[in-house]
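Report on one structure; see the data block that follows.
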Amino acid sequence: MIEIIFITVITLVIFFFPKIGLFFRWKVLQEKTERILIEDALKHLYDCEDKKVDCTLKSLAGALSLSDEKILHLIAQLETMQLVFTKENTFHLTSEGRSYALRIIRIHRLWERYLADSTGVQEIEWHTQAEKREHQLSIEEAERLAKEMGNPIVDPHGDPIPTVSGEIPKKKGMVLTEVKEKETVQIIHIEDEPKTVYAQLIAQGLHPEMQITIIENSPERIRFEANGEECILAPIFANNISVIPIPEEKIQRTFKTLAAISLGEKAKILGIAKSCRGSQRRRLMDFGITPGTIIEAEFQSAGGDPIAYNVRGALVALRKKQAEQIYIEDELKTEERMSDIVSKKRH
Amino acid sequence: MSDITITMNTTTTQCETCPSHNKANLIKLGIDMSEFDFVVALAGNPNTGKSTVFNNLTGLRQHTGNWPGKTVTRAEGGFSYNEKKYKIVDLPGTYSLLSTSTDEEVARNFILFGQPDVTVVVVDSTRLERNLNLVLQILEITERVVICLNLIDEARRNHIIIDERTLSRELGVPVIPASARVGTGVPELLHFIDAVATGKYVCRPHRLSKYTKQLTRAIEKLSKKIAIQFPTLPNTRWVAMRLLEGDQRIMDAMQNGELENLLR
Amino acid sequence: MKTEKENTVKEILSTAHSLRWEIGENVHDSLIESIYNDASRIANTVVRKDEKKSQFNLDRTIDKIVTSRWLGFPLMFFLLAIVFWLTVEGANVPSGLLASLLIDTLHPILKNFAETLHTPWWLSGVLLDGAYLAMAWVVSVMLPPMAIFFPLFTLLEDFGYLPRVAFNMDNLFRKAGAHGKQALTMSMGFGCNAAGVIAARIIDSPRERLIAIITNNFSLCNGRWPTQILVATIFIGSAAPAYLAGVISAAAVVGIAVLGIALSLIVSWWLSKTILKGEASAFSLELPPYRPPRILQTLYTSLIDRTIFVLWRAIIFAVPAGIIIWLVGNIYIGNLSLAEHFVQWSNPFGIFLGLNGVILLAYIIAIPANEIVIPTILMLTVMVIGATDVGAGAGVMFELDSPSEVAKVLHAGGWTLLTGINLMLFSLLHNPCSTTIFTIYKETRSWKWTAVATFLPIVMGFAVCFVTAQLWKLFI
């Protein structure tokens with residue numbers, strides 16, 4: 001008898017102990033999933049607003065992968081919270097709803113920036129991890145993070161990070177499919193959703209700030225040159241890339257990296273690839289690896305890699321992987337261009 | 001408002017031998033200044049013989065190794081010269097003051113907020129160009145700088161000749177060729193530390209001017225606004241630059257008035 | 001007035017923010033670029049280089065040799081071998097002198113003195129047989145090798161050779177997800193793991209630095225070499241034909257050290273792929289010019305900065321351990337001392353791992369320094385087998401003059417060839433000494449990484465010993 005009472009008491013304590021009891025944990029979990037749904041719905045609404053498309057029951061059900069019934073329930077809840085209103089079967093954000101959505105987006109993009117600059121997490125995982133973190137991080141934690149990082153203004157995909165007060169600049173640029181043939185443009189943004197498309201795009205080595213020249217633009221495919229290599233994308237993929245035109249004088253015609261020069265050769269640096277980020281990028285620049293610098297490959301290590309380079313009178317060892325991220329001027333190509341001009345003049 | 005600041009300014013410049021350091025901030029940074037008249041900060045790239053200069057000035061045998069980050073605990077020492085007592089603080093060896101590592105933040109905050117009476121920058125003569133990066137950055141945030149052109153004998157051995165007079169003119173601060181390993185140049189270094197600390201030598205530091213077009217426009221716009229609010233700030237362009245980089249420490253200093261207190 | 005000022009500051013900050021959106025995120029890049037443009041202009045006006053007599057001829061010649069494909073590695077091994085040989089050979093005599101002074105001479109004098117003062121036996125036991133003896137042991141075994149090893153290492157560092165070692169080794173360490181400079185922290189670890197952990201400061205990338213700290217324990221430190229040599233001589237050397245005994249036992253010790261290096265590379269690789277995957281990683285290595293080392297100053301400073309520093313930490317941990325060692329040998333519950341209780345209780349587990357209870361207890365109570373493991377083992381073995389003709393009494397560590405005498409004691413304690421082999425493995429693979437654990441905490445400021453660095457090797461040690469024991473039973 002006593003045992004039974006004892007066991008019952010213990011069970012009750014395990015379940016209902018304040019805050020850490022199983023019941024309360026379950027409740028918190030429940031609330032959390034509810035919160036996640038609300039926040040994801042708001043994000044989807046904001047996305048629709050941003051892309052100027054209608055947000056309907058169907059699109060919301062697709063984005064959140066929930067049944068229509070559940071979505072209706074969710075919408076009703078959002079309406080009572082005065083975050084959303086319905087107009088002619090489409091859903092719209094109220095101003096509170098918009099600022100809530102922007103807050104979540106701010107945390108999401110801050111976290112992506114943090115992952116890109118201050119950790120070794122692979123690019124493909126940034127978005128997924130940020131999708132989780134955006135619901136967990138409090139505003140205070142996010143602000144502390146922003147301050148530590150020097151208040152970044154764009155995320156690693158090139159998207160602007162909304163300010164604390166919810167300001168965000170207007171979207172610039174056009175999608176890649178809108179660019180004419182033979183034009184050179186600069187990537188300003190790569191959409192990170194859906195994940196499979198994004199994975200494909202980064203596998204091609206595409207990054208914001210990269211210059212690309214369109215070779216062919218047809219309904220079947222977009223063919224373009226990036227980093228001296230030819231890439232082919234289906235329009236559905238190319239639609240996820242936003243670009244801006246670049247002025248003629250800024251176009252870099254040829255791309256060659258430091259890894260291509262042999263020992264004893266000199267090269268003039270054009271810049272460091274965008275894929276080299278955070279402390280690694282800063283360290284290279286501290287060593288004086290800046291555009292216009294003359295760099296000379298002096299000798300290699302007994303293992304072959306790294307190689308010691310003479311940069312502004314100092315000897316700096318760079319691994320092959322780093323050298324591949326440093327663009328240099330291709331002198332051969334410059335000569336070719338000169339002869340081109342000469343031959344044109346003759347004609 | 002502006003009248004008051006101007007009069008304050010003249011009174012401070014009248015006292016030429018007054019120390020310029022910010023005592024409250026130094027105490028916050030953990031420096032005990034009770035027995036010293038002046039504070040000297042020692043900065044420089046890794047591998048420049050900074051610790052040898054430190055030893056030469058203090059007589060203390062402080063050994064820091066060949067790589068950055070070795071001196072994690074900040075070394076401090078003292079010396080007297082011309083009947084004045086100097087405290088010298090060895091900052092971590094860094095390539096820059098702008099990146100985000102702890103070492104660089106420690107060095108930057110000490111020079112900016114501690115306002116040492118003199119900052120000695122130890123420079124490797126054989127790798128001058130690379131070392132000038134740090135020198136130019138330091139000249140942006142403090143006026144009282146002495147450059148110690150260390151390892152000058154090594155440079156000569158390698159047929160590198162440096163015109164230190166022109167360098168001094170370009171940078172607007174004293175430049176002293178030295179070889180701390182054998183002790184040459186140390187008396188001259190002491191002489192100029194004293195001259196700069198007591199205000200006998202007035203530095204006119206080199207300031208960055210050529211930025212990219214877009215950046216120049218942004219800096220101009222912002223620095224004008226800053227100059228109106230903080231009329232006595234010696235280098236508003238630099239503050240503007242920091243704001244454009246999103247430097248939280250400077251934003252805080254602007255909001256809580258710390259930036260104004262730095263004015264002399 | 002105040003709010004007016006606050007408002008203007010706010011306005012400045014918001015202007016800054018909108019300007020940042022206009023100019024994009026390349027502010028830092030263009031700032032550094034403009035600084036370097038000025039730097040290069042100034043350098044061009046003030047620096048005159050004699051182009052005919054090209055600069056750094058001597059430096060480049062040395063570099064060509066020390067980084068050459070054929071000579072680079074042999075030269076490196078040769079130099080390291082010289083450093084180790086000088087350390088081991090040079091330390092023998094002063095170690096012996098210190099031991100005879102502190103342990104054989106001073107200890108009896110102190111004991112007699114305590115007796116004349118009528119100090120209670122337990123007090124003189126705790127203080128002199130426990131605390132003093134542990135300290136004396138650590139000083140005499142640790143001080144001489146470190147006082148030779150560290151200055152030699154610092155000389156190579158001052159000369160500028162060590163960055164070249166990092167440069168040469170980087171290819172290998174890169175493949176293991178680590179930094180070339182880890183070659184240096186590892187070499188430093190052969191002198192002392194605590195010093196190796198401190199040396200990891202030279203690695204400025206967070207992930208690679210943690211890897212170097214966590215794996216440093218796989219470098220067989222100074223304190224473990226004597227254990228290895230003694231056990232190899234007694235068990236492995238004696239199992240071989242007499243004329244080969246010396247060579248075989250030496251080969252066994254070197255084999256253990258090489259195993260340590262291999263494991264540290266494998267564990268580095270594993271760490272970089274798993275638990276340290278998310279830490280930021282960056283590579284930077286500057287090769288400074290060669291400079292003639294300043295011998296006297298180096299001797300002085302490395303003695304002060306490294307040797308005395310590490311020794312002091314070791315002594316601080318050795319004293320309480322000495323007290324505990326004495327107490328477990330002298331506090332009785334029933335007929336048996338605490339030590340005997342523990343040994344009896346843990347013996348089955350020890351045997352299961354191919355070790356024994358004495359070894360397990362010795363590694364627990366001798367955690368401050370690997371140097372006192374052998375004396376502790378001897379003391380405990382004598383106590384457990386109840387021998388009265390050797391040793392200096394309960395809780396008093398001692399050492400014997402020749403390996404054959406040690407062998408007699410250990411064989412009496414039931415040791416086999418398997419116990420010997422497993423002790424050698426366990427000596428390589430167990431938790432770092434408490435000085436090193438403390439240093440790891442000081443350097444990482446994280447209990448998590450300290451725990452990983454502490455428990456990872458001991459788990460590996462148990463696993464390796466267990467597997468060896470099972471294989472042994474299967475085949476022999």
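Residue numbers start at 1 in each chain; chains themselves are named A, B, ... in the order of the structure tokens; ligands are numbered from 1 in the order shown.
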I need the helix (DSSP H, G or I) residues of range 164-213 of chain B per DSSP on the backbone, written as a tab-separated table (two decimals) with all heavy atoms, in the first residue's frame.
```tsv
chain	number	residue	atom	x	y	z
B	164	GLU	N	65.26	58.01	-43.10
B	164	GLU	CA	64.35	58.17	-41.97
B	164	GLU	C	63.84	59.61	-41.83
B	164	GLU	O	62.78	59.84	-41.27
B	164	GLU	CB	65.00	57.68	-40.68
B	164	GLU	CG	66.08	58.55	-40.11
B	164	GLU	CD	67.48	58.04	-40.47
B	164	GLU	OE1	67.56	57.10	-41.29
B	164	GLU	OE2	68.44	58.59	-39.95
B	165	ARG	N	64.62	60.59	-42.39
B	165	ARG	CA	64.13	61.97	-42.32
B	165	ARG	C	62.88	62.15	-43.16
B	165	ARG	O	61.89	62.74	-42.73
B	165	ARG	CB	65.21	62.94	-42.82
B	165	ARG	CG	66.24	63.21	-41.77
B	165	ARG	CD	67.50	63.76	-42.42
B	165	ARG	NE	68.49	64.00	-41.41
B	165	ARG	CZ	68.81	65.21	-40.98
B	165	ARG	NH1	68.23	66.28	-41.50
B	165	ARG	NH2	69.73	65.37	-40.04
B	166	THR	N	62.93	61.63	-44.39
B	166	THR	CA	61.75	61.72	-45.25
B	166	THR	C	60.58	60.96	-44.64
B	166	THR	O	59.44	61.42	-44.66
B	166	THR	CB	62.07	61.16	-46.65
B	166	THR	OG1	63.33	61.69	-47.06
B	166	THR	CG2	61.01	61.55	-47.65
B	167	LEU	N	60.89	59.80	-44.08
B	167	LEU	CA	59.83	59.00	-43.46
B	167	LEU	C	59.17	59.79	-42.34
B	167	LEU	O	57.94	59.83	-42.22
B	167	LEU	CB	60.41	57.68	-42.93
B	167	LEU	CG	59.40	56.71	-42.33
B	167	LEU	CD1	58.35	56.30	-43.35
B	167	LEU	CD2	60.10	55.48	-41.78
B	168	SER	N	60.01	60.45	-41.53
B	168	SER	CA	59.49	61.25	-40.42
B	168	SER	C	58.62	62.38	-40.95
B	168	SER	O	57.58	62.70	-40.38
B	168	SER	CB	60.66	61.78	-39.60
B	168	SER	OG	60.21	62.75	-38.71
B	169	ARG	N	59.07	62.97	-42.06
B	169	ARG	CA	58.29	64.06	-42.64
B	169	ARG	C	56.95	63.54	-43.18
B	169	ARG	O	55.90	64.14	-42.97
B	169	ARG	CB	59.08	64.71	-43.77
B	169	ARG	CG	58.84	66.20	-43.86
B	169	ARG	CD	59.87	66.94	-44.69
B	169	ARG	NE	60.32	66.25	-45.89
B	169	ARG	CZ	61.60	65.97	-46.14
B	169	ARG	NH1	62.54	66.30	-45.27
B	169	ARG	NH2	61.93	65.35	-47.25
B	170	GLU	N	57.01	62.39	-43.83
B	170	GLU	CA	55.79	61.81	-44.39
B	170	GLU	C	54.77	61.45	-43.30
B	170	GLU	O	53.58	61.67	-43.45
B	170	GLU	CB	56.12	60.53	-45.18
B	170	GLU	CG	56.78	60.77	-46.53
B	170	GLU	CD	55.79	61.12	-47.60
B	170	GLU	OE1	54.57	60.97	-47.36
B	170	GLU	OE2	56.22	61.57	-48.69
B	171	LEU	N	55.29	60.89	-42.21
B	171	LEU	CA	54.38	60.42	-41.17
B	171	LEU	C	54.03	61.51	-40.17
B	171	LEU	O	53.04	61.41	-39.45
B	171	LEU	CB	55.00	59.22	-40.42
B	171	LEU	CG	55.27	57.97	-41.27
B	171	LEU	CD1	55.97	56.91	-40.43
B	171	LEU	CD2	53.98	57.41	-41.84
B	186	VAL	N	68.64	53.45	-28.62
B	186	VAL	CA	67.78	53.52	-27.44
B	186	VAL	C	67.83	54.90	-26.76
B	186	VAL	O	66.78	55.44	-26.41
B	186	VAL	CB	68.09	52.37	-26.46
B	186	VAL	CG1	67.24	52.50	-25.21
B	186	VAL	CG2	67.83	51.04	-27.15
B	187	PRO	N	69.03	55.53	-26.60
B	187	PRO	CA	69.04	56.88	-26.00
B	187	PRO	C	68.20	57.87	-26.80
B	187	PRO	O	67.45	58.66	-26.21
B	187	PRO	CB	70.51	57.27	-26.04
B	187	PRO	CG	71.26	55.99	-26.13
B	187	PRO	CD	70.38	55.02	-26.84
B	188	GLU	N	68.30	57.81	-28.13
B	188	GLU	CA	67.52	58.71	-28.97
B	188	GLU	C	66.02	58.44	-28.79
B	188	GLU	O	65.22	59.37	-28.72
B	188	GLU	CB	67.89	58.53	-30.45
B	188	GLU	CG	69.28	58.99	-30.83
B	188	GLU	CD	70.34	57.94	-30.55
B	188	GLU	OE1	70.02	56.91	-29.89
B	188	GLU	OE2	71.49	58.12	-30.97
B	189	LEU	N	65.69	57.15	-28.71
B	189	LEU	CA	64.28	56.79	-28.53
B	189	LEU	C	63.75	57.40	-27.24
B	189	LEU	O	62.68	58.02	-27.22
B	189	LEU	CB	64.15	55.26	-28.50
B	189	LEU	CG	62.73	54.69	-28.46
B	189	LEU	CD1	61.97	55.11	-29.69
B	189	LEU	CD2	62.77	53.17	-28.35
B	190	LEU	N	64.54	57.27	-26.16
B	190	LEU	CA	64.14	57.83	-24.87
B	190	LEU	C	63.95	59.35	-24.98
B	190	LEU	O	62.98	59.90	-24.47
B	190	LEU	CB	65.20	57.52	-23.81
B	190	LEU	CG	65.14	56.11	-23.24
B	190	LEU	CD1	66.40	55.81	-22.44
B	190	LEU	CD2	63.91	55.96	-22.36
B	191	HIS	N	64.89	59.98	-25.69
B	191	HIS	CA	64.83	61.43	-25.83
B	191	HIS	C	63.51	61.85	-26.49
B	191	HIS	O	62.85	62.78	-26.03
B	191	HIS	CB	66.02	61.92	-26.66
B	191	HIS	CG	65.91	63.36	-27.05
B	191	HIS	ND1	66.17	64.37	-26.17
B	191	HIS	CD2	65.53	63.93	-28.21
B	191	HIS	CE1	65.96	65.53	-26.77
B	191	HIS	NE2	65.57	65.29	-28.02
B	192	PHE	N	63.13	61.13	-27.55
B	192	PHE	CA	61.93	61.54	-28.27
B	192	PHE	C	60.65	61.13	-27.54
B	192	PHE	O	59.63	61.82	-27.66
B	192	PHE	CB	61.94	60.99	-29.71
B	192	PHE	CG	62.71	61.89	-30.63
B	192	PHE	CD1	64.02	61.61	-30.98
B	192	PHE	CD2	62.13	63.05	-31.11
B	192	PHE	CE1	64.73	62.45	-31.82
B	192	PHE	CE2	62.83	63.90	-31.94
B	192	PHE	CZ	64.15	63.61	-32.29
B	193	ILE	N	60.70	60.02	-26.80
B	193	ILE	CA	59.52	59.68	-25.98
B	193	ILE	C	59.25	60.83	-25.03
B	193	ILE	O	58.11	61.31	-24.88
B	193	ILE	CB	59.77	58.37	-25.19
B	193	ILE	CG1	59.78	57.16	-26.14
B	193	ILE	CG2	58.70	58.17	-24.12
B	193	ILE	CD1	60.15	55.85	-25.48
B	194	ASP	N	60.34	61.30	-24.41
B	194	ASP	CA	60.22	62.41	-23.47
B	194	ASP	C	59.70	63.66	-24.17
B	194	ASP	O	58.80	64.33	-23.67
B	194	ASP	CB	61.60	62.66	-22.84
B	194	ASP	CG	61.56	63.83	-21.88
B	194	ASP	OD1	60.88	63.69	-20.85
B	194	ASP	OD2	62.18	64.87	-22.18
B	195	ALA	N	60.27	63.96	-25.36
B	195	ALA	CA	59.89	65.18	-26.07
B	195	ALA	C	58.41	65.16	-26.46
B	195	ALA	O	57.71	66.17	-26.33
B	195	ALA	CB	60.76	65.35	-27.31
B	196	VAL	N	57.93	63.99	-26.90
B	196	VAL	CA	56.52	63.92	-27.31
B	196	VAL	C	55.61	63.94	-26.08
B	196	VAL	O	54.58	64.62	-26.07
B	196	VAL	CB	56.28	62.66	-28.17
B	196	VAL	CG1	54.79	62.46	-28.42
B	196	VAL	CG2	57.01	62.77	-29.49
B	197	ALA	N	56.02	63.22	-25.01
B	197	ALA	CA	55.18	63.16	-23.82
B	197	ALA	C	55.00	64.54	-23.19
B	197	ALA	O	53.92	64.90	-22.76
B	197	ALA	CB	55.78	62.19	-22.81
B	213	LYS	N	35.93	56.40	-54.47
B	213	LYS	CA	35.01	57.52	-54.69
B	213	LYS	C	33.76	57.42	-53.82
B	213	LYS	O	33.39	58.34	-53.11
B	213	LYS	CB	34.60	57.53	-56.17
B	213	LYS	CG	34.83	58.88	-56.84
B	213	LYS	CD	34.16	58.89	-58.20
B	213	LYS	CE	35.17	59.11	-59.31
B	213	LYS	NZ	34.64	58.76	-60.62
```
>> If you run DSSP on the backbone here, which positions in range 6-238 of chain A get strand (DSSP E)? Please write them as number ranges by chain.
In response: A: 84-87, 90-93, 174-175, 184-190, 211-217, 222-226, 229-233
>> Can you pull out the residues contacting range 222-230 of chain B? Cut-off 7 Å, using only C-alpha atoms, and skip same-chain residues under 5 positions away; I want them as a PyMOL selection string.
In response: (chain B and resi 236-237+240+260) or (chain C and resi 12+16)
Residues of chain A near chain B: apply a cut-off of 12 Å, count only C-alpha atoms, and supply the list as a CSV table (one decimal) with N, CA and C atoms, in the first residue's frame.
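File part_10.csv, as written:
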```csv
chain,number,residue,atom,x,y,z
A,117,ASP,N,30.8,33.8,-41.2
A,117,ASP,CA,32.0,34.6,-40.8
A,117,ASP,C,32.8,34.0,-39.6
A,118,SER,N,32.0,33.4,-38.7
A,118,SER,CA,32.7,33.1,-37.4
A,118,SER,C,32.7,31.6,-37.1
A,143,GLU,N,20.6,40.7,-30.8
A,143,GLU,CA,21.3,42.1,-30.8
A,143,GLU,C,22.7,42.0,-30.3
A,144,ARG,N,22.9,41.2,-29.3
A,144,ARG,CA,24.3,41.0,-28.8
A,144,ARG,C,25.2,40.4,-29.9
A,145,LEU,N,24.6,39.5,-30.6
A,145,LEU,CA,25.4,38.8,-31.7
A,145,LEU,C,25.7,39.9,-32.7
A,146,ALA,N,24.7,40.7,-33.1
A,146,ALA,CA,24.9,41.7,-34.1
A,146,ALA,C,26.0,42.7,-33.7
A,147,LYS,N,26.0,43.1,-32.5
A,147,LYS,CA,27.0,44.0,-32.0
A,147,LYS,C,28.4,43.4,-32.1
A,148,GLU,N,28.5,42.2,-31.6
A,148,GLU,CA,29.8,41.5,-31.7
A,148,GLU,C,30.3,41.4,-33.1
A,149,MET,N,29.4,41.2,-34.0
A,149,MET,CA,29.9,41.0,-35.4
A,149,MET,C,30.1,42.3,-36.1
A,150,GLY,N,29.9,43.5,-35.4
A,150,GLY,CA,30.1,44.8,-36.1
A,150,GLY,C,28.9,45.1,-36.9
A,151,ASN,N,27.7,44.8,-36.4
A,151,ASN,CA,26.4,45.2,-37.1
A,151,ASN,C,26.4,45.0,-38.6
A,152,PRO,N,26.5,43.7,-39.0
A,152,PRO,CA,26.5,43.5,-40.5
A,152,PRO,C,25.2,44.0,-41.1
A,153,ILE,N,25.3,44.3,-42.4
A,153,ILE,CA,24.1,44.9,-43.1
A,153,ILE,C,23.5,43.9,-44.1
A,154,VAL,N,24.3,42.9,-44.6
A,154,VAL,CA,23.8,42.0,-45.5
A,154,VAL,C,24.2,40.5,-45.1
A,278,GLY,N,35.3,36.2,-43.4
A,278,GLY,CA,35.6,36.3,-42.0
A,278,GLY,C,37.1,36.6,-41.7
A,279,SER,N,37.6,35.9,-40.6
A,279,SER,CA,38.9,36.2,-40.2
A,279,SER,C,40.0,35.8,-41.2
A,280,GLN,N,39.7,34.7,-42.0
A,280,GLN,CA,40.6,34.3,-43.0
A,280,GLN,C,40.9,35.4,-44.0
A,281,ARG,N,39.8,36.1,-44.5
A,281,ARG,CA,39.9,37.2,-45.4
A,281,ARG,C,40.7,38.3,-44.8
A,282,ARG,N,40.3,38.7,-43.6
A,282,ARG,CA,41.0,39.8,-43.0
A,282,ARG,C,42.5,39.6,-42.8
A,283,ARG,N,42.8,38.3,-42.4
A,283,ARG,CA,44.2,38.0,-42.2
A,283,ARG,C,45.0,38.2,-43.5
A,284,LEU,N,44.4,37.7,-44.6
A,284,LEU,CA,45.1,37.9,-45.9
A,284,LEU,C,45.3,39.4,-46.3
A,285,MET,N,44.3,40.2,-46.0
A,285,MET,CA,44.4,41.6,-46.3
A,285,MET,C,45.4,42.3,-45.4
A,286,ASP,N,45.4,41.8,-44.1
A,286,ASP,CA,46.4,42.4,-43.2
A,286,ASP,C,47.8,42.1,-43.7
A,287,PHE,N,48.1,41.0,-44.3
A,287,PHE,CA,49.4,40.7,-44.9
A,287,PHE,C,49.7,41.6,-46.1
A,288,GLY,N,48.7,42.4,-46.5
A,288,GLY,CA,48.9,43.3,-47.7
A,288,GLY,C,48.5,42.7,-49.0
A,289,ILE,N,47.7,41.6,-48.9
A,289,ILE,CA,47.2,41.0,-50.2
A,289,ILE,C,46.0,41.8,-50.6
A,290,THR,N,46.2,42.9,-51.3
A,290,THR,CA,45.1,43.8,-51.7
A,290,THR,C,45.3,44.1,-53.2
A,293,THR,N,48.6,44.7,-55.6
A,293,THR,CA,49.9,44.3,-55.0
A,293,THR,C,50.6,43.3,-55.9
A,310,ASN,N,56.3,36.2,-51.6
A,310,ASN,CA,56.9,37.5,-51.1
A,310,ASN,C,55.8,38.6,-51.4
A,311,VAL,N,55.3,39.1,-50.3
A,311,VAL,CA,54.2,40.1,-50.3
A,311,VAL,C,54.8,41.3,-49.7
A,312,ARG,N,55.0,42.4,-50.4
A,312,ARG,CA,55.5,43.7,-49.8
A,312,ARG,C,56.7,43.5,-48.9
A,313,GLY,N,57.6,42.6,-49.4
A,313,GLY,CA,58.9,42.5,-48.7
A,313,GLY,C,58.8,41.4,-47.6
A,314,ALA,N,57.6,40.9,-47.3
A,314,ALA,CA,57.6,39.9,-46.2
A,314,ALA,C,57.2,38.5,-46.8
A,315,LEU,N,57.7,37.5,-46.1
A,315,LEU,CA,57.4,36.1,-46.6
A,315,LEU,C,56.2,35.5,-46.0
A,316,VAL,N,55.2,35.2,-46.8
A,316,VAL,CA,53.9,34.7,-46.2
A,316,VAL,C,53.6,33.4,-46.9
```
> Counting only C-alpha atoms, which of C:Leu102, C:Ile32, C:Met460, C:Ala166 gets nearest to Gly303 in chain A?
Replying inline: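 Nearest candidate to Gly303 in chain A out of C:Leu102, C:Ile32, C:Met460, C:Ala166: C:Ala166.
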>> With only C-alpha atoms considered, list every residue of chain C at most 8 Å from chain B, as JSON, numbers by chain.
In response: {"C": [5, 6, 8, 9, 12, 13, 15, 16, 17, 19, 20, 23, 27, 28, 30, 31, 34, 35, 36, 38, 39, 40, 42, 43, 45, 46, 47, 48, 49, 50, 53, 54, 55, 56, 157, 158, 160, 199, 201, 202, 204, 288, 301, 302, 305]}
>> List as a PyMOL selection string the protein and nucleic acid residues near Gly30 in chain B, meaning an atom at most 12 Å away when only C-alpha atoms are counted, but skip any in the same chain fewer than 5 places from it.
In response: chain B and resi 23-25+73-76+89+106+110+114
Selection from above, N, CA, C and O atoms, as a CSV table (one decimal), in the first residue's frame, can you write it?
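As written to disk, selection-v7.csv reads:
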```csv
chain,number,residue,atom,x,y,z
B,23,LYS,N,43.0,59.2,-17.1
B,23,LYS,CA,43.3,58.3,-15.9
B,23,LYS,C,42.1,57.4,-15.6
B,23,LYS,O,42.3,56.2,-15.3
B,24,ALA,N,40.9,57.9,-15.8
B,24,ALA,CA,39.7,57.0,-15.4
B,24,ALA,C,39.7,55.8,-16.3
B,24,ALA,O,39.5,54.7,-15.9
B,25,ASN,N,40.0,56.0,-17.6
B,25,ASN,CA,39.9,54.9,-18.5
B,25,ASN,C,41.1,53.9,-18.3
B,25,ASN,O,41.0,52.7,-18.4
B,73,THR,N,49.3,37.6,-21.2
B,73,THR,CA,49.3,38.5,-20.1
B,73,THR,C,50.1,39.7,-20.6
B,73,THR,O,51.2,39.7,-21.1
B,74,ARG,N,49.5,40.9,-20.3
B,74,ARG,CA,50.1,42.1,-20.8
B,74,ARG,C,51.3,42.4,-19.9
B,74,ARG,O,51.2,42.4,-18.7
B,75,ALA,N,52.4,42.7,-20.5
B,75,ALA,CA,53.6,43.0,-19.7
B,75,ALA,C,53.7,44.5,-19.5
B,75,ALA,O,53.3,45.3,-20.3
B,76,GLU,N,54.0,44.9,-18.2
B,76,GLU,CA,54.2,46.3,-17.9
B,76,GLU,C,55.5,46.5,-17.2
B,76,GLU,O,56.0,45.6,-16.6
B,89,VAL,N,53.6,50.0,-21.3
B,89,VAL,CA,52.7,48.8,-21.4
B,89,VAL,C,53.0,48.2,-22.8
B,89,VAL,O,52.9,48.8,-23.8
B,106,VAL,N,42.3,44.5,-27.8
B,106,VAL,CA,43.0,45.0,-26.6
B,106,VAL,C,43.9,46.1,-27.0
B,106,VAL,O,43.9,47.2,-26.4
B,110,PHE,N,43.2,50.1,-25.9
B,110,PHE,CA,44.2,50.7,-25.0
B,110,PHE,C,44.7,52.0,-25.6
B,110,PHE,O,44.7,53.1,-25.0
B,114,GLY,N,42.6,54.6,-23.6
B,114,GLY,CA,43.6,54.8,-22.5
B,114,GLY,C,44.4,56.1,-22.8
B,114,GLY,O,45.0,56.7,-21.9
```
>> as an NGL selection string, please: the residues near Asn171 in chain C (cut-off 9 Å, only C-alpha atoms, same-chain neighbours under 5 positions excluded).
In response: (:A and (301-306 or 319)) or (:C and (176 or 179-180))
>> Applying 6 Å and only C-alpha atoms, which residues near range 140-152 of chain B remain after dropping the ones on its own chain fewer than 5 positions away? List them as a VMD selection string.
In response: chain B and resid 118 to 125 174 to 179 205 207
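Note that the spacing between CA of Leu423 in chain C and CA of Asp401 in chain C amounts to 20.7 Å.
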>> Need the shell around Ile75 in chain A: protein/DNA/RNA residues with any atom at most 9 Å away, counting only C-alpha atoms. Skip same-chain ones fewer than 3 positions apart. Format as number ranges by chain?
In response: A: 38, 41, 70-72, 78-80, 84-86, 91
